[in-house]
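Encoded as structure tokens, the structure appears first; notes follow it.
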Amino acid sequence: MSVLVYVEHADGKLKKTALEVVSYAKAIADQLNTSLSAVSIGSIADEELAALGKFGASKVLSVNDEKFNSFNEQAYSTALFEAAKQEGAKLIILSNSFRGKAIAPRISIKLKAGLVVGAVGLPSFTGNRFTVTRGSFSGKAFSDVEIHSDYKVISLSPNSYPAQEKGTQEATVEHFTPAVDKSIFGIKVTEVIKSTDKVSLPEAEIVVSGGRGLKGPENWNLIEELADVLGAATACSKPVSDAGWRPHEEHVGQTGITISPELYIAVGISGAIQHVAGISSSKIIVAINKDAEAPIFKIADYGIVGDAFEIVPKLTEALKSFKSKR
Ligand code: FAD
């Protein structure tokens, strides 16, 4: 069973999730004693893709065609299907990102494959059993899912498996032209306007998040300055985005984005169950809240009871001074 991984890139650079999925797929390919190939879709330099060799891919198929430069889930899943056929791959791995969420079910249908969405660890193999652990019930539980089909598709939750450089070997890059029907390109994206150049929230290792305790949008400089010094992404609770204090794409929780950063700092957030559903798989949670009884402290690894308007500027200054001495 050879392994094929779909790698994402933006602005000519591989995304962090690409390195994570290749490292994850390499660990599986080693266990299965098989080879690992990657597929990249859209224009990107061969040298950038060759670097995937260091993370364990021996070959990269590059669909380096302008037609694929704007994301089109039908075209991308067809290209991935064609690549799987060419490589004889039976296990397909991709990130459970915005794109991965759109492609994974489509490629599963094409391959008649069992699909595990949002895997959080390596599969285990016992006898004929192929079992993958995934998060369930908005991160409140884990499920062990067995895949019985011949073809298998796994989408890996961002930040749940570390990118691991294995050596210095470069991957061979082959240009690949999948047979994709012209009719699939019936929609054309004419312009992409980025709302921000900041760290992407789903991929961020550190997230600073603000809630209603910040009183209003005029106080968000507190969150942004702390995030800047930490190189973090910013997030918020639902009422904050509902009130228009912050954009909706920053809203984390049951009805927003689910994230798993290394460090989540919750400022003026009560820790309602619906909020916690989206952040509970963070590795370390720090809460700053003036109410010692706030539920967020039940799940926090570190808590500061006090006024965010006093604590956050002090924390930001302390971090700035710490960084300047290093
Ligand atoms: P609050 O609950 O008002 O808490 C504000 C906190 O700030 C309090 O704990 C207070 O002690 C503290 N505070 C006040 N002043 C200060 C200060 N000066 N310094 C420090 N701390 C201070 N919510 C989400 O976030 N994400 C979701 O996805 C989501 N989905 C939902 C889905 C459904 C179906 C429902 C019913 C609700 C959902 N909610 C969601 C809403 C959720 O139930 C809570 O209402 C919401 O999370 C509360 O947001 P908050 O913590 O910012 O505000």
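Ordering of the structure tokens sets the chain letters (A, B, ...), residue numbers begin anew at 1 in every chain, and ligands are numbered from 1 in the order given.
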
Determine, using only C-alpha atoms and all ligand atoms, which residues of chain A have any atom at most 6 Å from an atom of ligand 1, and tabulate each with its shortest atom pair and distance in Å to one decimal place, rows ordered by chain and then rising number, as a tab-separated table.
residue	atom	partner	partner_atom_place_in_ligand_line	distance
A:Gly211	CA	ligand 1	52 (O)	3.2
A:Arg212	CA	ligand 1	52 (O)	3.8
A:Gly213	CA	ligand 1	7 (O)	3.3
A:Ser237	CA	ligand 1	25 (O)	3.4
A:Lys238	CA	ligand 1	24 (C)	4.0
A:Pro239	CA	ligand 1	49 (O)	5.4
A:Val252	CA	ligand 1	26 (N)	5.2
A:Gly253	CA	ligand 1	28 (O)	3.2
A:Gln254	CA	ligand 1	28 (O)	3.8
A:Thr255	CA	ligand 1	28 (O)	3.7
A:Gly256	CA	ligand 1	28 (O)	4.5
A:Gly268	CA	ligand 1	7 (O)	3.5
A:Ile269	CA	ligand 1	51 (O)	3.4
A:Ser270	CA	ligand 1	9 (O)	3.3
A:Gly271	CA	ligand 1	51 (O)	5.6
A:Ala272	CA	ligand 1	47 (O)	4.8
A:Gln274	CA	ligand 1	29 (C)	4.5
A:His275	CA	ligand 1	24 (C)	3.8
A:Ile288	CA	ligand 1	20 (C)	5.9
A:Asn289	CA	ligand 1	21 (N)	3.6
A:Lys290	CA	ligand 1	20 (C)	4.2
A:Asp291	CA	ligand 1	11 (O)	4.4
A:Ala294	CA	ligand 1	9 (O)	5.1
A:Gly306	CA	ligand 1	20 (C)	5.9
A:Asp307	CA	ligand 1	19 (N)	3.7
A:Ala308	CA	ligand 1	19 (N)	3.7
A:Phe309	CA	ligand 1	18 (N)	5.8

Write the residues you've just listed into a file as a short mmCIF file (atom, residue, chain, number, x, y, z; two decimals), in the first residue's frame, and include N, CA, C and O atoms for each of them.
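Generated output (part-v3.cif):
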data_model
loop_
_atom_site.label_atom_id
_atom_site.label_comp_id
_atom_site.auth_asym_id
_atom_site.auth_seq_id
_atom_site.Cartn_x
_atom_site.Cartn_y
_atom_site.Cartn_z
N GLY A 211 -12.39 38.20 24.71
CA GLY A 211 -13.83 38.04 24.88
C GLY A 211 -14.48 39.34 25.27
O GLY A 211 -13.87 40.42 25.20
N ARG A 212 -15.74 39.20 25.71
CA ARG A 212 -16.55 40.37 26.04
C ARG A 212 -15.95 41.18 27.19
O ARG A 212 -16.26 42.36 27.34
N GLY A 213 -15.07 40.55 27.97
CA GLY A 213 -14.42 41.26 29.06
C GLY A 213 -13.57 42.43 28.60
O GLY A 213 -13.19 43.29 29.41
N SER A 237 -14.18 35.35 21.05
CA SER A 237 -15.37 34.56 21.35
C SER A 237 -16.50 34.96 20.38
O SER A 237 -16.40 35.98 19.69
N LYS A 238 -17.56 34.16 20.37
CA LYS A 238 -18.66 34.40 19.43
C LYS A 238 -19.35 35.75 19.62
O LYS A 238 -19.57 36.47 18.64
N PRO A 239 -19.70 36.12 20.87
CA PRO A 239 -20.41 37.41 21.01
C PRO A 239 -19.59 38.58 20.48
O PRO A 239 -20.16 39.57 20.00
N VAL A 252 -13.73 31.50 17.48
CA VAL A 252 -13.41 30.09 17.75
C VAL A 252 -14.49 29.48 18.63
O VAL A 252 -15.13 30.17 19.42
N GLY A 253 -14.68 28.17 18.47
CA GLY A 253 -15.69 27.50 19.29
C GLY A 253 -16.52 26.53 18.48
O GLY A 253 -16.22 26.25 17.32
N GLN A 254 -17.58 26.07 19.12
CA GLN A 254 -18.45 25.07 18.51
C GLN A 254 -19.00 25.52 17.16
O GLN A 254 -19.09 24.74 16.23
N THR A 255 -19.36 26.79 17.07
CA THR A 255 -19.92 27.30 15.81
C THR A 255 -18.89 28.10 15.02
O THR A 255 -19.21 28.70 14.00
N GLY A 256 -17.66 28.12 15.50
CA GLY A 256 -16.58 28.82 14.79
C GLY A 256 -15.49 27.84 14.41
O GLY A 256 -15.75 26.68 14.12
N GLY A 268 -10.36 37.80 29.16
CA GLY A 268 -11.74 38.28 29.34
C GLY A 268 -12.76 37.37 28.67
O GLY A 268 -13.75 37.82 28.11
N ILE A 269 -12.49 36.07 28.73
CA ILE A 269 -13.40 35.06 28.15
C ILE A 269 -13.88 34.18 29.30
O ILE A 269 -13.06 33.67 30.08
N SER A 270 -15.20 33.97 29.39
CA SER A 270 -15.73 33.24 30.56
C SER A 270 -15.44 31.74 30.50
O SER A 270 -15.31 31.10 31.53
N GLY A 271 -15.33 31.18 29.27
CA GLY A 271 -15.07 29.74 29.15
C GLY A 271 -16.35 28.94 29.05
O GLY A 271 -16.43 27.82 29.56
N ALA A 272 -17.34 29.50 28.34
CA ALA A 272 -18.59 28.75 28.10
C ALA A 272 -18.27 27.48 27.32
O ALA A 272 -17.31 27.44 26.56
N GLN A 274 -19.49 26.12 24.79
CA GLN A 274 -19.43 26.25 23.33
C GLN A 274 -18.10 26.88 22.88
O GLN A 274 -17.62 26.61 21.80
N HIS A 275 -17.52 27.72 23.72
CA HIS A 275 -16.21 28.30 23.40
C HIS A 275 -15.12 27.24 23.57
O HIS A 275 -14.29 27.03 22.68
N ILE A 288 -6.84 34.79 31.54
CA ILE A 288 -6.76 36.04 32.31
C ILE A 288 -8.20 36.52 32.47
O ILE A 288 -8.88 36.82 31.49
N ASN A 289 -8.66 36.54 33.72
CA ASN A 289 -10.07 36.87 33.96
C ASN A 289 -10.20 37.45 35.37
O ASN A 289 -9.56 36.97 36.30
N LYS A 290 -11.04 38.46 35.51
CA LYS A 290 -11.13 39.09 36.84
C LYS A 290 -12.00 38.30 37.81
O LYS A 290 -11.99 38.56 39.02
N ASP A 291 -12.76 37.32 37.27
CA ASP A 291 -13.63 36.51 38.12
C ASP A 291 -12.97 35.15 38.40
O ASP A 291 -12.86 34.31 37.49
N ALA A 294 -14.72 32.05 37.18
CA ALA A 294 -15.03 31.86 35.74
C ALA A 294 -14.67 30.44 35.30
O ALA A 294 -13.60 29.93 35.66
N GLY A 306 -7.48 38.73 37.60
CA GLY A 306 -7.25 40.17 37.69
C GLY A 306 -7.81 40.88 36.47
O GLY A 306 -8.38 40.25 35.57
N ASP A 307 -7.61 42.19 36.47
CA ASP A 307 -8.15 43.04 35.41
C ASP A 307 -7.24 42.98 34.17
O ASP A 307 -6.06 43.33 34.24
N ALA A 308 -7.85 42.56 33.05
CA ALA A 308 -7.07 42.44 31.81
C ALA A 308 -6.42 43.77 31.42
O ALA A 308 -5.34 43.78 30.82
N PHE A 309 -7.08 44.87 31.77
CA PHE A 309 -6.56 46.19 31.36
C PHE A 309 -5.26 46.53 32.11
O PHE A 309 -4.49 47.37 31.68
#

Selection: 7 Å around A:Ser143, only C-alpha atoms, excl. self and same-chain fewer than 5 positions, as a ChimeraX atom specification: /A:133-136

Those of stretch 150-323 of chain A in DSSP helix (DSSP H, G or I), formatted as an MDAnalysis selection string: chainID A and resid 182:185 212:214 217:219 221:230 238:242 248:250 273:276 296:299 308:323

I'd like a table as JSON lines: residues in stretch 144-230 of chain A with an atom no more than 7 Å from stretch 69-85 of chain A, each row giving the shortest atom pair and its distance in Å to one decimal, only C-alpha atoms counted, sorted by chain and rising residue number.
{"residue": "A:Pro178", "atom": "CA", "partner": "A:Ala79", "partner_atom": "CA", "distance": 5.3}
{"residue": "A:Val180", "atom": "CA", "partner": "A:Thr78", "partner_atom": "CA", "distance": 6.5}
{"residue": "A:Ile184", "atom": "CA", "partner": "A:Ala75", "partner_atom": "CA", "distance": 6.1}
{"residue": "A:Val189", "atom": "CA", "partner": "A:Ser70", "partner_atom": "CA", "distance": 6.2}

Would you export the selected residues with C-alpha atoms as a PDB file, in the first residue's frame, please?
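The result, stored in selection_16.pdb:
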ATOM      1  CA  PRO A 178      -4.026  15.078 -14.750  1.00  0.00           C
ATOM      2  CA  VAL A 180      -9.411  16.908 -15.834  1.00  0.00           C
ATOM      3  CA  ILE A 184     -14.854  21.475 -14.232  1.00  0.00           C
ATOM      4  CA  VAL A 189     -11.727  33.472  -9.499  1.00  0.00           C
TER       5      VAL A 189
END

If we count only C-alpha atoms, what is near stretch 157-172 of chain A at a cut-off of 6 Å, once residues fewer than 4 positions away on the same chain are taken out, given as a JSON list (two decimals) with N, CA and C atoms, in the first residue's frame?
[["chain", "number", "residue", "atom", "x", "y", "z"],
["A", 19, "LEU", "N", 4.22, 20.45, 5.71],
["A", 19, "LEU", "CA", 5.34, 19.76, 6.36],
["A", 19, "LEU", "C", 4.80, 18.78, 7.42],
["A", 20, "GLU", "N", 3.71, 19.17, 8.07],
["A", 20, "GLU", "CA", 3.11, 18.28, 9.07],
["A", 20, "GLU", "C", 2.57, 17.01, 8.41],
["A", 23, "SER", "N", 5.36, 14.72, 7.21],
["A", 23, "SER", "CA", 6.02, 14.03, 8.34],
["A", 23, "SER", "C", 5.14, 12.90, 8.87],
["A", 50, "ALA", "N", 11.05, 20.37, -3.80],
["A", 50, "ALA", "CA", 12.11, 19.38, -3.58],
["A", 50, "ALA", "C", 12.47, 19.28, -2.10],
["A", 51, "ALA", "N", 12.26, 20.40, -1.37],
["A", 51, "ALA", "CA", 12.59, 20.43, 0.07],
["A", 51, "ALA", "C", 11.74, 19.44, 0.86],
["A", 53, "GLY", "N", 11.63, 16.48, 0.45],
["A", 53, "GLY", "CA", 12.46, 15.28, 0.63],
["A", 53, "GLY", "C", 13.01, 15.20, 2.05],
["A", 54, "LYS", "N", 13.32, 16.37, 2.62],
["A", 54, "LYS", "CA", 13.88, 16.40, 3.98],
["A", 54, "LYS", "C", 12.87, 15.90, 5.01],
["A", 55, "PHE", "N", 11.60, 15.96, 4.65],
["A", 55, "PHE", "CA", 10.55, 15.53, 5.59],
["A", 55, "PHE", "C", 10.07, 14.11, 5.26],
["A", 58, "SER", "N", 9.73, 10.95, -1.20],
["A", 58, "SER", "CA", 10.78, 10.63, -2.17],
["A", 58, "SER", "C", 10.48, 11.29, -3.51],
["A", 59, "LYS", "N", 9.20, 11.52, -3.78],
["A", 59, "LYS", "CA", 8.82, 12.09, -5.08],
["A", 59, "LYS", "C", 7.68, 13.10, -4.88],
["A", 96, "ASN", "N", -6.57, 18.57, 7.47],
["A", 96, "ASN", "CA", -7.99, 18.89, 7.69],
["A", 96, "ASN", "C", -8.16, 20.41, 7.71],
["A", 118, "GLY", "N", -10.08, 14.61, 10.54],
["A", 118, "GLY", "CA", -9.56, 15.22, 11.77],
["A", 118, "GLY", "C", -8.79, 14.26, 12.65],
["A", 119, "ALA", "N", -7.91, 13.43, 12.02],
["A", 119, "ALA", "CA", -7.07, 12.52, 12.81],
["A", 119, "ALA", "C", -6.15, 13.33, 13.72],
["A", 120, "VAL", "N", -5.89, 12.78, 14.91],
["A", 120, "VAL", "CA", -5.01, 13.49, 15.85],
["A", 120, "VAL", "C", -3.78, 12.66, 16.22],
["A", 260, "SER", "N", -5.93, 24.02, 17.56],
["A", 260, "SER", "CA", -5.11, 23.23, 18.50],
["A", 260, "SER", "C", -3.72, 23.85, 18.62]]

Which residue, A:Ser324, A:Leu122, A:Pro105, A:Leu91, has the smallest gap to A:Ser149 when you use only C-alpha atoms?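 Smallest distance to A:Ser149 is found for A:Leu91.
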
Interatomic distance (Å, one decimal) between atom CA of A:Leu263 and atom CA of A:Leu94: 23.8 Å

Which one is closest to A:Val240: A:Leu214, A:Leu115, A:Val286, A:Ala10? Count only C-alpha atoms.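 The shortest atom-to-atom distance to A:Val240 comes from A:Leu214.
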
Extract the full set of strand (DSSP E or B) residues from stretch 128-165 of chain A according to DSSP on the backbone, and format it as a ChimeraX atom specification. /A:129-136,141-146,152-156

Exercise: A:Ser209 partners within 8 Å, only C-alpha atoms, chain neighbours under 3 positions left out, as a list in words: Ile223, Thr234, Ala235, Cys236, Ser237, Tyr264, Ile265, Ala266 and Val267 of chain A

Could you save the residues just selected, with N, CA, C and O atoms, as a tab-separated table (two decimals), in the first residue's frame?
chain	number	residue	atom	x	y	z
A	223	ILE	N	-4.93	43.09	22.78
A	223	ILE	CA	-4.81	41.73	22.23
A	223	ILE	C	-3.77	41.72	21.10
A	223	ILE	O	-2.91	40.85	21.02
A	234	THR	N	-4.63	36.21	16.27
A	234	THR	CA	-5.65	36.68	17.20
A	234	THR	C	-6.97	35.95	16.94
A	234	THR	O	-7.28	35.58	15.81
A	235	ALA	N	-7.72	35.74	18.04
A	235	ALA	CA	-9.02	35.07	17.94
A	235	ALA	C	-9.99	35.78	18.88
A	235	ALA	O	-9.61	36.72	19.59
A	236	CYS	N	-11.24	35.32	18.89
A	236	CYS	CA	-12.22	35.95	19.78
A	236	CYS	C	-13.36	34.97	20.07
A	236	CYS	O	-13.48	33.93	19.43
A	237	SER	N	-14.18	35.35	21.05
A	237	SER	CA	-15.37	34.56	21.35
A	237	SER	C	-16.50	34.96	20.38
A	237	SER	O	-16.40	35.98	19.69
A	264	TYR	N	-2.70	28.81	24.02
A	264	TYR	CA	-3.92	29.61	23.81
A	264	TYR	C	-4.07	30.54	25.01
A	264	TYR	O	-4.15	30.07	26.16
A	265	ILE	N	-4.10	31.83	24.76
A	265	ILE	CA	-4.25	32.79	25.86
A	265	ILE	C	-5.65	33.41	25.75
A	265	ILE	O	-5.95	34.11	24.77
A	266	ALA	N	-6.49	33.15	26.74
A	266	ALA	CA	-7.88	33.64	26.73
A	266	ALA	C	-7.98	34.85	27.64
A	266	ALA	O	-7.75	34.73	28.85
A	267	VAL	N	-8.32	35.99	27.06
A	267	VAL	CA	-8.38	37.23	27.85
A	267	VAL	C	-9.84	37.69	27.94
A	267	VAL	O	-10.48	37.92	26.90

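Counting from atom CA of A:Ile311, the distance to atom CA of A:Lys323 is 18.2 Å.
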
For A:Ser97, work out the shell of residues within 12 Å, counting only C-alpha atoms and skipping chain neighbours fewer than 2 positions away, then give it as an MDAnalysis selection string. chainID A and resid 6:9 15:18 20:21 93:95 99:104 117:119 155:159 200:203 257:259
